[in-house]
>>> print(open('coords-v8.pdb').read())   # PDB, C-alpha atoms, pLDDT in the B column
ATOM      1  CA  MET A1341      70.907  75.202  91.492  1.00 33.00           C
ATOM      2  CA  THR A1342      72.539  75.873  94.847  1.00 40.00           C
ATOM      3  CA  THR A1343      75.557  74.098  96.268  1.00 43.00           C
ATOM      4  CA  PRO A1344      76.832  74.296  99.848  1.00 44.00           C
ATOM      5  CA  SER A1345      80.028  76.271 100.205  1.00 48.00           C
ATOM      6  CA  THR A1346      83.242  74.615 101.307  1.00 53.00           C
ATOM      7  CA  ASP A1347      83.660  74.565 105.086  1.00 53.00           C
ATOM      8  CA  PHE A1348      87.149  75.763 105.985  1.00 55.00           C
ATOM      9  CA  ALA A1349      86.967  74.718 109.652  1.00 54.00           C
ATOM     10  CA  THR A1350      89.638  72.067 109.063  1.00 56.00           C
ATOM     11  CA  VAL A1351      92.133  74.471 107.486  1.00 60.00           C
ATOM     12  CA  GLY A1352      91.785  77.494 109.766  1.00 59.00           C
ATOM     13  CA  THR A1353      95.350  77.278 111.040  1.00 71.00           C
ATOM     14  CA  ASP A1354      96.789  76.889 107.538  1.00 74.00           C
ATOM     15  CA  TYR A1355      94.738  79.845 106.299  1.00 75.00           C
ATOM     16  CA  ALA A1356      95.923  82.011 109.190  1.00 76.00           C
ATOM     17  CA  ALA A1357      99.546  81.161 108.375  1.00 79.00           C
ATOM     18  CA  TYR A1358      98.984  82.015 104.703  1.00 83.00           C
ATOM     19  CA  SER A1359      97.095  85.207 105.551  1.00 81.00           C
ATOM     20  CA  GLU A1360      99.860  86.463 107.822  1.00 87.00           C
ATOM     21  CA  GLY A1361     102.695  85.514 105.450  1.00 92.00           C
ATOM     22  CA  GLY A1362     104.111  87.630 102.651  1.00 96.00           C
ATOM     23  CA  ARG A1363     101.908  86.240  99.888  1.00 96.00           C
ATOM     24  CA  GLY A1364      98.710  86.620 101.896  1.00 95.00           C
ATOM     25  CA  LEU A1365      99.629  90.114 103.013  1.00 97.00           C
ATOM     26  CA  LEU A1366     100.260  91.211  99.422  1.00 98.00           C
ATOM     27  CA  ARG A1367      96.740  90.092  98.554  1.00 97.00           C
ATOM     28  CA  HIS A1368      95.165  91.834 101.541  1.00 97.00           C
ATOM     29  CA  GLU A1369      97.101  95.078 101.096  1.00 98.00           C
ATOM     30  CA  ILE A1370      96.327  95.436  97.388  1.00 98.00           C
ATOM     31  CA  VAL A1371      92.623  94.627  97.734  1.00 98.00           C
ATOM     32  CA  ALA A1372      92.146  96.788 100.827  1.00 98.00           C
ATOM     33  CA  ARG A1373      93.920  99.747  99.212  1.00 98.00           C
ATOM     34  CA  ARG A1374      91.615  99.569  96.205  1.00 98.00           C
ATOM     35  CA  LEU A1375      88.474  99.247  98.335  1.00 98.00           C
ATOM     36  CA  VAL A1376      89.361 102.126 100.634  1.00 97.00           C
ATOM     37  CA  ALA A1377      89.989 104.318  97.591  1.00 97.00           C
ATOM     38  CA  GLU A1378      86.652 103.362  96.013  1.00 97.00           C
ATOM     39  CA  LEU A1379      84.680 103.873  99.245  1.00 96.00           C
ATOM     40  CA  GLY A1380      86.058 107.323 100.003  1.00 91.00           C
ATOM     41  CA  ASP A1381      85.732 108.943 103.406  1.00 86.00           C
ATOM     42  CA  GLY A1382      82.595 107.066 104.479  1.00 76.00           C
ATOM     43  CA  PRO A1383      81.537 105.679 106.772  1.00 95.00           C
ATOM     44  CA  ALA A1384      80.171 103.135 104.314  1.00 97.00           C
ATOM     45  CA  ARG A1385      78.037 100.040 104.906  1.00 98.00           C
ATOM     46  CA  VAL A1386      80.116  97.040 103.836  1.00 98.00           C
ATOM     47  CA  LEU A1387      79.206  93.369 103.524  1.00 98.00           C
ATOM     48  CA  ASP A1388      82.054  90.842 103.328  1.00 98.00           C
ATOM     49  CA  VAL A1389      80.699  87.455 102.218  1.00 98.00           C
ATOM     50  CA  GLY A1390      83.046  84.608 103.072  1.00 96.00           C
ATOM     51  CA  CYS A1391      84.910  86.841 105.508  1.00 96.00           C
ATOM     52  CA  GLY A1392      87.010  83.990 106.905  1.00 93.00           C
ATOM     53  CA  ASP A1393      88.902  84.956 110.021  1.00 93.00           C
ATOM     54  CA  GLY A1394      88.031  88.620 109.576  1.00 95.00           C
ATOM     55  CA  GLU A1395      91.167  90.027 107.965  1.00 95.00           C
ATOM     56  CA  MET A1396      89.355  92.318 105.497  1.00 97.00           C
ATOM     57  CA  VAL A1397      86.577  93.039 107.987  1.00 97.00           C
ATOM     58  CA  LEU A1398      89.143  94.452 110.407  1.00 95.00           C
ATOM     59  CA  ARG A1399      90.939  96.455 107.739  1.00 96.00           C
ATOM     60  CA  LEU A1400      87.738  98.114 106.538  1.00 97.00           C
ATOM     61  CA  ALA A1401      86.433  98.698 110.069  1.00 96.00           C
ATOM     62  CA  ALA A1402      89.765 100.285 110.990  1.00 94.00           C
ATOM     63  CA  ALA A1403      89.298 102.606 107.987  1.00 95.00           C
ATOM     64  CA  GLY A1404      86.080 103.856 109.604  1.00 95.00           C
ATOM     65  CA  HIS A1405      83.436 101.749 107.852  1.00 97.00           C
ATOM     66  CA  HIS A1406      80.585  99.697 109.327  1.00 97.00           C
ATOM     67  CA  VAL A1407      81.164  96.100 108.281  1.00 97.00           C
ATOM     68  CA  THR A1408      79.024  92.974 108.272  1.00 98.00           C
ATOM     69  CA  GLY A1409      80.969  89.751 107.909  1.00 98.00           C
ATOM     70  CA  ALA A1410      79.172  86.610 106.710  1.00 98.00           C
ATOM     71  CA  GLU A1411      80.943  83.275 106.990  1.00 96.00           C
ATOM     72  CA  VAL A1412      79.746  79.660 106.731  1.00 94.00           C
ATOM     73  CA  SER A1413      82.444  78.271 109.049  1.00 92.00           C
ATOM     74  CA  SER A1414      81.743  78.707 112.766  1.00 92.00           C
ATOM     75  CA  ASP A1415      85.433  78.060 113.458  1.00 92.00           C
ATOM     76  CA  MET A1416      86.450  80.946 111.191  1.00 93.00           C
ATOM     77  CA  LEU A1417      83.871  83.199 112.858  1.00 94.00           C
ATOM     78  CA  GLU A1418      85.360  82.414 116.260  1.00 94.00           C
ATOM     79  CA  ARG A1419      88.765  83.442 114.929  1.00 92.00           C
ATOM     80  CA  ALA A1420      87.252  86.656 113.564  1.00 93.00           C
ATOM     81  CA  GLU A1421      85.598  87.418 116.902  1.00 93.00           C
ATOM     82  CA  ALA A1422      88.930  86.987 118.683  1.00 92.00           C
ATOM     83  CA  LYS A1423      90.607  89.390 116.243  1.00 90.00           C
ATOM     84  CA  LEU A1424      87.829  91.940 116.746  1.00 89.00           C
ATOM     85  CA  ALA A1425      88.125  91.767 120.504  1.00 88.00           C
ATOM     86  CA  ALA A1426      91.880  92.315 120.324  1.00 89.00           C
ATOM     87  CA  ALA A1427      91.479  95.276 117.965  1.00 89.00           C
ATOM     88  CA  ALA A1428      88.616  96.888 119.922  1.00 86.00           C
ATOM     89  CA  LEU A1429      86.545  97.301 116.739  1.00 88.00           C
ATOM     90  CA  ALA A1430      83.486  95.265 117.701  1.00 85.00           C
ATOM     91  CA  ASP A1431      81.224  98.345 117.752  1.00 90.00           C
ATOM     92  CA  ARG A1432      81.670  98.737 113.969  1.00 92.00           C
ATOM     93  CA  VAL A1433      81.274  95.067 113.053  1.00 96.00           C
ATOM     94  CA  ARG A1434      78.453  92.532 112.824  1.00 96.00           C
ATOM     95  CA  LEU A1435      79.335  88.871 112.255  1.00 96.00           C
ATOM     96  CA  VAL A1436      76.780  86.418 110.854  1.00 97.00           C
ATOM     97  CA  GLU A1437      77.060  82.677 110.241  1.00 97.00           C
ATOM     98  CA  ALA A1438      75.646  82.236 106.741  1.00 97.00           C
ATOM     99  CA  ASP A1439      76.276  80.531 103.409  1.00 95.00           C
ATOM    100  CA  ILE A1440      76.646  82.561 100.213  1.00 96.00           C
ATOM    101  CA  TYR A1441      73.599  80.748  98.787  1.00 96.00           C
ATOM    102  CA  ASP A1442      71.418  81.595 101.804  1.00 96.00           C
ATOM    103  CA  LEU A1443      72.295  85.109 102.978  1.00 97.00           C
ATOM    104  CA  PRO A1444      69.937  86.554 105.628  1.00 96.00           C
ATOM    105  CA  PHE A1445      69.897  90.152 104.381  1.00 97.00           C
ATOM    106  CA  VAL A1446      66.420  90.506 102.916  1.00 93.00           C
ATOM    107  CA  GLY A1447      65.597  94.195 102.503  1.00 94.00           C
ATOM    108  CA  GLU A1448      69.182  95.317 103.164  1.00 97.00           C
ATOM    109  CA  VAL A1449      71.629  96.866 100.721  1.00 98.00           C
ATOM    110  CA  PHE A1450      75.259  97.855 101.174  1.00 98.00           C
ATOM    111  CA  ASP A1451      77.632 100.475  99.806  1.00 98.00           C
ATOM    112  CA  ALA A1452      80.115  97.698  99.135  1.00 98.00           C
ATOM    113  CA  VAL A1453      79.606  93.959  98.804  1.00 98.00           C
ATOM    114  CA  CYS A1454      82.860  92.008  98.915  1.00 98.00           C
ATOM    115  CA  CYS A1455      83.464  88.355  98.127  1.00 98.00           C
ATOM    116  CA  HIS A1456      87.147  87.492  98.182  1.00 98.00           C
ATOM    117  CA  GLY A1457      88.629  84.041  97.698  1.00 95.00           C
ATOM    118  CA  VAL A1458      85.240  82.307  97.638  1.00 95.00           C
ATOM    119  CA  VAL A1459      83.822  81.776  94.135  1.00 96.00           C
ATOM    120  CA  MET A1460      86.938  79.859  93.070  1.00 95.00           C
ATOM    121  CA  TYR A1461      85.686  77.042  95.326  1.00 94.00           C
ATOM    122  CA  LEU A1462      82.158  77.057  93.887  1.00 95.00           C
ATOM    123  CA  PRO A1463      80.896  75.233  90.758  1.00 93.00           C
ATOM    124  CA  ASP A1464      80.377  78.495  88.849  1.00 95.00           C
ATOM    125  CA  SER A1465      80.308  82.244  89.354  1.00 97.00           C
ATOM    126  CA  ALA A1466      77.020  83.217  87.724  1.00 98.00           C
ATOM    127  CA  GLU A1467      74.629  82.472  90.575  1.00 97.00           C
ATOM    128  CA  PRO A1468      76.883  83.823  93.360  1.00 98.00           C
ATOM    129  CA  VAL A1469      77.508  87.076  91.470  1.00 98.00           C
ATOM    130  CA  ALA A1470      73.780  87.498  90.833  1.00 98.00           C
ATOM    131  CA  ARG A1471      72.990  86.991  94.524  1.00 98.00           C
ATOM    132  CA  LEU A1472      75.702  89.416  95.623  1.00 98.00           C
ATOM    133  CA  ALA A1473      74.776  92.062  93.047  1.00 98.00           C
ATOM    134  CA  ARG A1474      71.236  92.277  94.429  1.00 98.00           C
ATOM    135  CA  LEU A1475      72.699  93.498  97.721  1.00 98.00           C
ATOM    136  CA  VAL A1476      74.611  96.443  96.193  1.00 98.00           C
ATOM    137  CA  ALA A1477      73.031  99.835  96.929  1.00 98.00           C
ATOM    138  CA  PRO A1478      72.741 102.580  94.280  1.00 97.00           C
ATOM    139  CA  GLY A1479      76.190 104.126  94.023  1.00 97.00           C
ATOM    140  CA  GLY A1480      77.711 101.067  95.703  1.00 98.00           C
ATOM    141  CA  ILE A1481      80.310  98.584  94.470  1.00 98.00           C
ATOM    142  CA  LEU A1482      80.715  94.835  94.105  1.00 98.00           C
ATOM    143  CA  SER A1483      84.237  93.528  94.757  1.00 98.00           C
ATOM    144  CA  ILE A1484      85.146  89.993  93.614  1.00 98.00           C
ATOM    145  CA  LEU A1485      88.554  88.402  94.144  1.00 98.00           C
ATOM    146  CA  THR A1486      89.105  84.967  92.652  1.00 98.00           C
ATOM    147  CA  LYS A1487      91.553  82.801  90.751  1.00 97.00           C
ATOM    148  CA  ASN A1488      92.681  84.243  87.414  1.00 97.00           C
ATOM    149  CA  ALA A1489      91.969  81.914  84.495  1.00 97.00           C
ATOM    150  CA  LEU A1490      94.396  83.889  82.291  1.00 97.00           C
ATOM    151  CA  ALA A1491      97.385  82.774  84.365  1.00 96.00           C
ATOM    152  CA  VAL A1492      96.868  79.017  84.600  1.00 94.00           C
ATOM    153  CA  GLY A1493     100.176  77.173  84.794  1.00 94.00           C
ATOM    154  CA  VAL A1494     102.280  80.231  85.619  1.00 95.00           C
ATOM    155  CA  ARG A1495     102.805  79.380  89.296  1.00 94.00           C
ATOM    156  CA  GLU A1496     103.571  75.758  88.485  1.00 94.00           C
ATOM    157  CA  ALA A1497     106.080  76.674  85.768  1.00 96.00           C
ATOM    158  CA  LEU A1498     107.946  79.100  88.034  1.00 96.00           C
ATOM    159  CA  GLN A1499     108.031  76.491  90.790  1.00 95.00           C
ATOM    160  CA  GLY A1500     109.527  73.910  88.417  1.00 96.00           C
ATOM    161  CA  GLU A1501     106.383  71.759  88.241  1.00 95.00           C
ATOM    162  CA  TYR A1502     106.717  71.571  84.478  1.00 97.00           C
ATOM    163  CA  ASP A1503     104.440  68.626  83.701  1.00 96.00           C
ATOM    164  CA  SER A1504     101.573  70.239  85.584  1.00 92.00           C
ATOM    165  CA  ALA A1505     102.266  73.601  83.945  1.00 95.00           C
ATOM    166  CA  VAL A1506     102.268  72.147  80.427  1.00 96.00           C
ATOM    167  CA  ALA A1507      99.063  70.209  81.080  1.00 94.00           C
ATOM    168  CA  GLN A1508      97.258  73.323  82.273  1.00 93.00           C
ATOM    169  CA  ILE A1509      98.604  75.616  79.563  1.00 94.00           C
ATOM    170  CA  GLU A1510      97.875  73.256  76.672  1.00 95.00           C
ATOM    171  CA  SER A1511      94.431  72.242  77.910  1.00 93.00           C
ATOM    172  CA  GLY A1512      93.348  75.651  79.204  1.00 89.00           C
ATOM    173  CA  ARG A1513      92.106  73.812  82.277  1.00 87.00           C
ATOM    174  CA  THR A1514      91.579  76.279  85.113  1.00 88.00           C
ATOM    175  CA  ALA A1515      91.034  73.759  87.909  1.00 83.00           C
ATOM    176  CA  SER A1516      94.068  72.985  90.071  1.00 80.00           C
ATOM    177  CA  MET A1517      94.986  72.384  93.683  1.00 72.00           C
ATOM    178  CA  GLY A1518      94.980  75.546  95.789  1.00 70.00           C
ATOM    179  CA  ASN A1519      97.065  76.513  98.803  1.00 69.00           C
ATOM    180  CA  LEU A1520      94.606  75.033 101.305  1.00 67.00           C
ATOM    181  CA  GLY A1521      94.301  71.579  99.777  1.00 69.00           C
ATOM    182  CA  TYR A1522      91.098  72.181  97.823  1.00 78.00           C
ATOM    183  CA  VAL A1523      90.723  72.266  94.046  1.00 85.00           C
ATOM    184  CA  THR A1524      90.055  75.783  92.790  1.00 91.00           C
ATOM    185  CA  ARG A1525      88.787  76.955  89.405  1.00 95.00           C
ATOM    186  CA  GLY A1526      89.426  80.216  87.622  1.00 96.00           C
ATOM    187  CA  ASP A1527      87.485  82.981  85.912  1.00 97.00           C
ATOM    188  CA  THR A1528      88.643  85.523  83.380  1.00 98.00           C
ATOM    189  CA  PRO A1529      88.189  89.193  84.259  1.00 98.00           C
ATOM    190  CA  GLU A1530      86.105  89.598  81.102  1.00 98.00           C
ATOM    191  CA  HIS A1531      83.680  86.922  82.291  1.00 98.00           C
ATOM    192  CA  LEU A1532      83.353  88.487  85.742  1.00 98.00           C
ATOM    193  CA  ASP A1533      82.832  91.936  84.210  1.00 98.00           C
ATOM    194  CA  ARG A1534      80.133  90.519  81.933  1.00 98.00           C
ATOM    195  CA  LEU A1535      78.353  88.936  84.890  1.00 98.00           C
ATOM    196  CA  ALA A1536      78.440  92.253  86.732  1.00 98.00           C
ATOM    197  CA  HIS A1537      77.069  94.061  83.684  1.00 98.00           C
ATOM    198  CA  ASP A1538      74.309  91.484  83.273  1.00 98.00           C
ATOM    199  CA  ASN A1539      73.273  92.205  86.855  1.00 98.00           C
ATOM    200  CA  GLY A1540      72.977  95.954  86.379  1.00 98.00           C
ATOM    201  CA  LEU A1541      76.475  97.045  87.417  1.00 98.00           C
ATOM    202  CA  THR A1542      79.112  99.008  85.532  1.00 98.00           C
ATOM    203  CA  PRO A1543      82.545  97.306  85.532  1.00 98.00           C
ATOM    204  CA  LEU A1544      85.523  99.381  86.647  1.00 98.00           C
ATOM    205  CA  PRO A1545      89.201  98.654  85.848  1.00 98.00           C
ATOM    206  CA  TRP A1546      90.253  95.236  87.165  1.00 98.00           C
ATOM    207  CA  GLN A1547      93.489  94.259  88.880  1.00 98.00           C
ATOM    208  CA  GLY A1548      95.848  91.327  88.762  1.00 98.00           C
ATOM    209  CA  VAL A1549      96.971  90.342  92.252  1.00 98.00           C
ATOM    210  CA  ARG A1550     100.260  88.643  93.159  1.00 98.00           C
ATOM    211  CA  ILE A1551     101.967  88.880  89.808  1.00 98.00           C
ATOM    212  CA  PHE A1552     105.637  88.542  90.710  1.00 98.00           C
ATOM    213  CA  HIS A1553     105.555  86.752  94.076  1.00 98.00           C
ATOM    214  CA  ASP A1554     102.974  83.987  93.786  1.00 96.00           C
ATOM    215  CA  HIS A1555     105.542  81.238  93.205  1.00 96.00           C
ATOM    216  CA  LEU A1556     107.461  81.963  96.418  1.00 96.00           C
ATOM    217  CA  PRO A1557     107.277  79.449  99.302  1.00 92.00           C
ATOM    218  CA  LYS A1558     104.240  79.467 101.565  1.00 88.00           C
ATOM    219  CA  ASN A1559     106.481  80.443 104.487  1.00 91.00           C
ATOM    220  CA  TRP A1560     107.901  83.543 102.730  1.00 96.00           C
ATOM    221  CA  ARG A1561     107.978  86.241 105.410  1.00 96.00           C
ATOM    222  CA  PRO A1562     110.127  89.129 104.162  1.00 97.00           C
ATOM    223  CA  GLU A1563     111.522  91.907 106.289  1.00 97.00           C
ATOM    224  CA  GLN A1564     109.367  95.030 106.388  1.00 97.00           C
ATOM    225  CA  GLU A1565     111.545  96.977 103.942  1.00 98.00           C
ATOM    226  CA  VAL A1566     111.554  94.132 101.414  1.00 98.00           C
ATOM    227  CA  PHE A1567     107.813  93.669 101.732  1.00 98.00           C
ATOM    228  CA  ALA A1568     107.223  97.389 101.156  1.00 98.00           C
ATOM    229  CA  LYS A1569     109.213  97.228  97.910  1.00 98.00           C
ATOM    230  CA  ALA A1570     107.387  94.078  96.817  1.00 98.00           C
ATOM    231  CA  LEU A1571     104.045  95.762  97.474  1.00 98.00           C
ATOM    232  CA  THR A1572     105.091  98.842  95.500  1.00 98.00           C
ATOM    233  CA  VAL A1573     105.941  96.852  92.390  1.00 98.00           C
ATOM    234  CA  GLU A1574     102.849  94.640  92.693  1.00 98.00           C
ATOM    235  CA  TRP A1575     100.596  97.688  93.035  1.00 98.00           C
ATOM    236  CA  ALA A1576     102.206  99.422  90.049  1.00 98.00           C
ATOM    237  CA  ALA A1577     101.668  96.357  87.852  1.00 98.00           C
ATOM    238  CA  SER A1578      98.203  95.443  89.158  1.00 98.00           C
ATOM    239  CA  THR A1579      96.303  97.703  86.736  1.00 98.00           C
ATOM    240  CA  ARG A1580      98.704  97.567  83.802  1.00 98.00           C
ATOM    241  CA  SER A1581      98.730  95.092  80.920  1.00 98.00           C
ATOM    242  CA  PRO A1582     100.420  92.765  80.160  1.00 98.00           C
ATOM    243  CA  TYR A1583     101.485  92.379  83.791  1.00 98.00           C
ATOM    244  CA  ARG A1584      98.038  92.153  85.367  1.00 98.00           C
ATOM    245  CA  GLU A1585      97.072  89.207  83.153  1.00 98.00           C
ATOM    246  CA  LEU A1586      99.764  87.149  84.940  1.00 98.00           C
ATOM    247  CA  GLY A1587      98.422  87.660  88.457  1.00 98.00           C
ATOM    248  CA  ARG A1588      97.417  84.497  90.271  1.00 97.00           C
ATOM    249  CA  LEU A1589      94.262  86.287  91.400  1.00 98.00           C
ATOM    250  CA  VAL A1590      91.947  88.707  89.632  1.00 98.00           C
ATOM    251  CA  HIS A1591      90.171  91.521  91.477  1.00 98.00           C
ATOM    252  CA  THR A1592      87.151  92.934  89.671  1.00 98.00           C
ATOM    253  CA  VAL A1593      85.138  95.918  90.874  1.00 98.00           C
ATOM    254  CA  ALA A1594      81.795  97.071  89.499  1.00 98.00           C
ATOM    255  CA  ARG A1595      79.514  99.934  90.526  1.00 98.00           C
ATOM    256  CA  ARG A1596      75.747 100.308  90.541  1.00 98.00           C
ATOM    257  CA  GLU A1597      74.877 103.716  89.123  1.00 95.00           C
ATOM    258  CA  ALA A1598      73.575 106.091  91.781  1.00 90.00           C
ATOM    259  CA  ASN A1599      70.314 106.674  89.892  1.00 80.00           C
ATOM    260  CA  ALA A1600      69.671 102.973  89.316  1.00 59.00           C
TER     261      ALA A1600
END
>>> encode(input="coords-v8.pdb", output="structure tokens")
Amino acid sequence: MTTPSTDFATVGTDYAAYSEGGRGLLRHEIVARRLVAELGDGPARVLDVGCGDGEMVLRLAAAGHHVTGAEVSSDMLERAEAKLAAAALADRVRLVEADIYDLPFVGEVFDAVCCHGVVMYLPDSAEPVARLARLVAPGGILSILTKNALAVGVREALQGEYDSAVAQIESGRTASMGNLGYVTRGDTPEHLDRLAHDNGLTPLPWQGVRIFHDHLPKNWRPEQEVFAKALTVEWAASTRSPYRELGRLVHTVARREANA
């Protein structure tokens, strides 16, 4: 069964504000740091499915990689094109309007396939992960960032929304309203790792993302020195239990063996 992806054309401005604020930047910095480390010197062929306004596309292109960004929203693609033009990175980037369920990359494989902040809006993760895994080259990686089902209710409790927190914690319900006004659902890292394994990939250590700062206001924009300290503590905790289990987001990475 295939289901059309959510079109974020109506929330582009809100997403840009989130992406450029402290909480969004923590997410981008942690995920980009992990990806750059996994990819090595490159240049690697990267596919970013659900690339939005191009934030991760630009970061990976700036690191020297050749990046294809696929996005269902034409409005988001226009924003990505504007960012590319300003950064003078267009020669390393290809942008394609496409839905995750209908990707036009037949016969192509990539050294990294990324899908960040997308599957939480979809009915389930199994079919998307299977489709993405088929595009991972031997030796390549699959990077999934989504809502963490282990941490349901944590944000709400820290924000003082106690009734909502109790309802989520006691029911184990992973669906709740996200930052952009859409309901999101969560996955456990174990489930995502199992899906990767079932599709021929070897799971690598996963990360919890935004452990200590997720409850802060949407307009949190710390000074550079404060942000650097926040990033340091988030990065240190991102791969360590029990801290990583409390991250609002989970980042799983899996690799296809080179001789596959």
>>> closest_atom_pairs(input="coords-v8.pdb", of="stretch 1527-1580 of chain A", to="stretch 1355-1377 of chain A", cutoff="7 Å", atoms="only C-alpha atoms", output="Markdown table")
| residue | atom | partner | partner_atom | distance |
| --- | --- | --- | --- | --- |
| A:Val1549 | CA | A:Arg1367 | CA | 6.3 |
| A:Arg1550 | CA | A:Arg1367 | CA | 6.6 |
| A:His1553 | CA | A:Arg1363 | CA | 6.9 |
| A:Asp1554 | CA | A:Arg1363 | CA | 6.6 |
| A:Lys1558 | CA | A:Tyr1358 | CA | 6.6 |
| A:Asn1559 | CA | A:Gly1361 | CA | 6.4 |
| A:Trp1560 | CA | A:Gly1362 | CA | 5.6 |
| A:Arg1561 | CA | A:Gly1362 | CA | 4.9 |
| A:Pro1562 | CA | A:Gly1362 | CA | 6.4 |
| A:Leu1571 | CA | A:Leu1366 | CA | 6.2 |
| A:Trp1575 | CA | A:Ile1370 | CA | 6.5 |
>>> resolve_selection(input="coords-v8.pdb", expression="the PyMOL selection byres ((chain A and resi 1427-1436) around 6)", output="number ranges by chain")
A: 1406-1410, 1424-1426, 1437-1438
>>> residues_around(input="coords-v8.pdb", residues="stretch 1524-1529 of chain A", least_positions_apart="6", cutoff="9 Å", atoms="all atoms listed in the file", output="ChimeraX atom specification")
/A:1459-1465,1486-1492,1513-1518,1546-1547,1585,1589-1592
>>> residues_around(input="coords-v8.pdb", residues="A:Asn1599", least_positions_apart="2", cutoff="10 Å", atoms="only C-alpha atoms", output="compact mmCIF listing (two decimals) with C-alpha atoms, keeping the file's coordinate frame")
# COMPACT_ATOMS: atom_id res chain seq x y z
CA PRO A 1478 72.74 102.58 94.28
CA GLY A 1479 76.19 104.13 94.02
CA ARG A 1596 75.75 100.31 90.54
CA GLU A 1597 74.88 103.72 89.12
>>> resolve_selection(input="coords-v8.pdb", expression="the PyMOL selection byres ((chain A and resi 1474) around 12)", output="JSON, numbers by chain")
{"A": [1443, 1445, 1446, 1447, 1448, 1449, 1450, 1451, 1452, 1453, 1467, 1468, 1469, 1470, 1471, 1472, 1473, 1475, 1476, 1477, 1478, 1480, 1481, 1482, 1536, 1538, 1539, 1540, 1541, 1595, 1596, 1600]}
>>> residues_around(input="coords-v8.pdb", residues="A:Val1573", least_positions_apart="3", cutoff="12 Å", atoms="all atoms listed in the file", output="list of chain:residue names")
A:Leu1366, A:Ile1370, A:Val1549, A:Arg1550, A:Ile1551, A:Phe1552, A:His1553, A:Val1566, A:Phe1567, A:Ala1568, A:Lys1569, A:Ala1570, A:Ala1576, A:Ala1577, A:Ser1578, A:Thr1579, A:Arg1580, A:Tyr1583, A:Arg1584
>>> write_last_selection(input="coords-v8.pdb", atoms="C-alpha atoms", output="CSV table (one decimal), in the frame of the given file")
chain,number,residue,atom,x,y,z
A,1366,LEU,CA,100.3,91.2,99.4
A,1370,ILE,CA,96.3,95.4,97.4
A,1549,VAL,CA,97.0,90.3,92.3
A,1550,ARG,CA,100.3,88.6,93.2
A,1551,ILE,CA,102.0,88.9,89.8
A,1552,PHE,CA,105.6,88.5,90.7
A,1553,HIS,CA,105.6,86.8,94.1
A,1566,VAL,CA,111.6,94.1,101.4
A,1567,PHE,CA,107.8,93.7,101.7
A,1568,ALA,CA,107.2,97.4,101.2
A,1569,LYS,CA,109.2,97.2,97.9
A,1570,ALA,CA,107.4,94.1,96.8
A,1576,ALA,CA,102.2,99.4,90.0
A,1577,ALA,CA,101.7,96.4,87.9
A,1578,SER,CA,98.2,95.4,89.2
A,1579,THR,CA,96.3,97.7,86.7
A,1580,ARG,CA,98.7,97.6,83.8
A,1583,TYR,CA,101.5,92.4,83.8
A,1584,ARG,CA,98.0,92.2,85.4
>>> closest_residue(input="coords-v8.pdb", among="A:Ala1466, A:Ala1384, A:Val1389, A:Thr1353", to="A:Asp1415", atoms="all atoms listed in the file")
A:Thr1353
